[in-house]
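I have placed the structure first, in the form of structure tokens, so that the comments after it can refer back to it.
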Amino acid sequence: MTQQQELDRELGDIHVEIANHETRIMLRLMDALLHHAHAFLALVDRALMLDCLLAFAVVARECGWVRPDLVEVEEEGSEAEAVLDVEGARHPLQELCTPAFVANPVVSGGALPSITLITGPNASGKTVYLKQVGVLVVLAQVGSWVPATRARLTPVDAIIAVTPQHAFRHLGPLHLHGRAQQGES
């Protein structure tokens with residue numbers, strides 16, 4: 001009898017036994033993890049929230065953002081008036097891509113009308129301005145500081161911006177069809 005046959009007879013198929021033992025260990029580990037899955041998911045949720053808040057803090061410090069002043073709806077006579085008053089507003093991504101980005105004021109509501117009509121030639125920044133206002137409002141309402149020199153606003157429940165349909169032609173006919181249906185309702 002060869003040495004290999006002798007070892008096989010004494011020890012059997014050790015590789016199969018090792019693989020079976022590894023499988024049993026992994027199954028026990030999976031059972032333990034599944035038993036405590038709710039605790040792990042809660043921990044992951046908290047870690048994600050912490051990561052988000054730290055990212056907000058780092059960006060606010062490095063980019064010179066300010067803490068917005070969220071105010072309650074101002075009562076003027078019998079009507080409640082929302083306010084959006086921002087000095088030196090900047091689009092957070094556009095200012096990183098454009099070295100000559102010009103900060104803009106945003107004033108709406110309060111004593112002024114809360115609807116603003118923006119006109120201008122093509123490529124003059126109308127869409128960037130609209131997106132900038134939307135981003136500012138969303139950032140403020142989720143608790144972030146905002147890219148501006150001063151910001152005062154009331155919380156809102158909707159941000160509505162209407163742009164011409166031809167501005168979205170590059171997105172294809174399905175998008176235009178969806179926008180047309182939204183405009184009809």
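Chain labels run A, B, ... following the order of the structure tokens; each chain numbers its residues from 1, and ligands are numbered from 1 in the order shown.
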
Selection near stretch 137-150 of chain A, 8 Å with only C-alpha atoms, sequence-local residues under 4 positions removed, as a list in words: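 Near stretch 137-150 of chain A, the qualifying residues are Leu53, Phe56, Ala57, Ala60, Cys63, Gly64, Trp65, Val66, Arg67, Pro68, Leu70, Val86, Glu87, Gly88, Ala89, Arg90, His91, Pro92, Ala103, Val133, Pro155 and Val156 of chain A.
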
Expected answer as a list in words: strand (DSSP E or B) residues in stretch 96-138 of chain A: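 Across stretch 96-138 of chain A, those assigned strand (DSSP E or B) are Asn104, Pro105, Val106, Val107, Ser108 and Gly109 of chain A.
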
Atomic distance atom CA of A:Arg152 - atom CA of A:Gly134, expressed in Å with one decimal: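 Atom-to-atom, atom CA of A:Arg152 to atom CA of A:Gly134, that is 14.2 Å.
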
Option closest in space to A:Leu96, from A:Leu7, A:Val59, A:Gly110, A:Pro121 [counting only C-alpha atoms]: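 Counting only C-alpha atoms, the residue closest to A:Leu96 is A:Val59.
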
Proximity to A:Ile118 - best of A:Asn104, A:Thr163, A:Thr154, A:Gln94, only C-alpha atoms: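 For A:Ile118, the nearest of the given residues is A:Thr163.
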
Pick from A:Gly120, A:Pro105, A:Pro113, A:Pro99, whichever lies nearest to A:Glu81 using only C-alpha atoms: A:Pro113

Every residue of chain A that DSSP places in helix (DSSP H, G or I), as a ChimeraX atom specification: /A:3-11,14-35,37-63,94-97,126-141,165-171,173-184
